[in-house]
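> I have a structure I would like to understand better, so I am pasting it below and will then ask my questions one at a time.
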Amino acid sequence: MFKEAATTNNHTDLHEYAETVSAYIKKCIDDVTVTKTITTHANQKPWMTAEVRGMLKTRDEAFRSGDEAALKTARANLSCGIKNAKWSYAQKINNHFTGSRDKQSLWQAIQSITDYKPLPQACDDETALPDVFNHFYSRFEMQNDTPAQKLPTPPNDQVFCLSPADVRKTLSRINPRKAVGPDNIPGHLTDVLTDIFCAR
């Protein structure tokens, strides 16, 4: 479908072909992706859980009501809840390092400890960038006045071609758990769109 749209007079424009496929993939992502707004606080601790937040709310309500007995109980429960939450968080981090040879698990533990959040990568929208590169790398050829000549193809030369099986084999090696590249296309979409990529 995309190849026919980018083909004119038996010539396939690879740039238009790739741009059309990328635009279709991004459209599919936008159609199935749910946008959510999450509010975070600068002083929010990593061990803070919904249970601890509920205890904080109960303590504040007891304080505003003026009930000393309820306030004392709420403070005791909150102190115990914070200790349990910290212990659970410490065990969670410790399990990433103890007896684990998974690099991803170790990296997740380091991210949790350091609160590391990588910045999202985006493609450069500068459409003139390919022309700038072409001009830079062809600056020596601009001074060459010798006309280009097409050399005859050697008799034992083999034309490079790719079969759908080769494309499927290459796409199957993509790790869907890795971060997206400069094209912002998740790796797990290759499993869904393999048939489109391999279409003749």
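To be explicit about the labels: the chains of the structure tokens are called A, B, and onward in the order shown, and within each one the residues are counted from 1, while ligands get numbers from 1 in the order they are shown.
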Just list as number ranges by chain whatever in segment 1-173 of chain A DSSP marks as strand (DSSP E or B).
A: 7-8, 11-12
> Just to be explicit: take each residue in the selection above, keep N, CA and C atoms, and write the result as a PDB file, in the first residue's frame.

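Generated output (result11.pdb):
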```pdb
ATOM      1  N   THR A   7       5.534   5.128  -5.422  1.00  0.00           N
ATOM      2  CA  THR A   7       6.137   4.688  -6.681  1.00  0.00           C
ATOM      3  C   THR A   7       5.527   5.457  -7.844  1.00  0.00           C
ATOM      4  N   THR A   8       6.402   6.018  -8.664  1.00  0.00           N
ATOM      5  CA  THR A   8       5.991   6.751  -9.861  1.00  0.00           C
ATOM      6  C   THR A   8       6.874   6.323 -11.021  1.00  0.00           C
ATOM      7  N   HIS A  11       9.574   3.888 -10.257  1.00  0.00           N
ATOM      8  CA  HIS A  11      10.631   4.411  -9.382  1.00  0.00           C
ATOM      9  C   HIS A  11      10.031   4.695  -8.010  1.00  0.00           C
ATOM     10  N   THR A  12      10.617   4.081  -6.986  1.00  0.00           N
ATOM     11  CA  THR A  12      10.129   4.241  -5.618  1.00  0.00           C
ATOM     12  C   THR A  12      10.950   5.289  -4.896  1.00  0.00           C
TER      13      THR A  12
END
```
> Set the distance at 10 Å and use only C-alpha atoms: which residues neighbour Lys178 of chain A once local chain neighbours fewer than 4 positions away are removed? I'd like the list as a ChimeraX atom specification.
/A:104,174,186-188
> Using Å and a single decimal, report how far atom CA of Trp87 of chain A sits from atom CA of Pro46 of chain A.
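Interatomic distance here is 11.8 Å.
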> Counting only C-alpha atoms, which of A:Met55, A:Leu106, A:Ile196, A:Ala90 gets nearest to Tyr24 of chain A?
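Selected residue with least distance to Tyr24 of chain A: A:Ile196.
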> Which residues are close to Leu71 of chain A, i.e. within 9 Å by only C-alpha atoms, leaving aside same-chain residues fewer than 2 positions away? Reply as a count of residues only.
15
> I'd like to know which of A:Asp131, A:Met48, A:Lys117, A:Lys103 is closest to Asn84 of chain A, using only C-alpha atoms.
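Smallest separation from Asn84 of chain A among the options: A:Met48.
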> Quick one: of A:Leu193, A:Val180, A:Ile110, A:Val52, who's nearest to Ile82 of chain A, counting only C-alpha atoms?
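Closest to Ile82 of chain A of all the choices is A:Val52.
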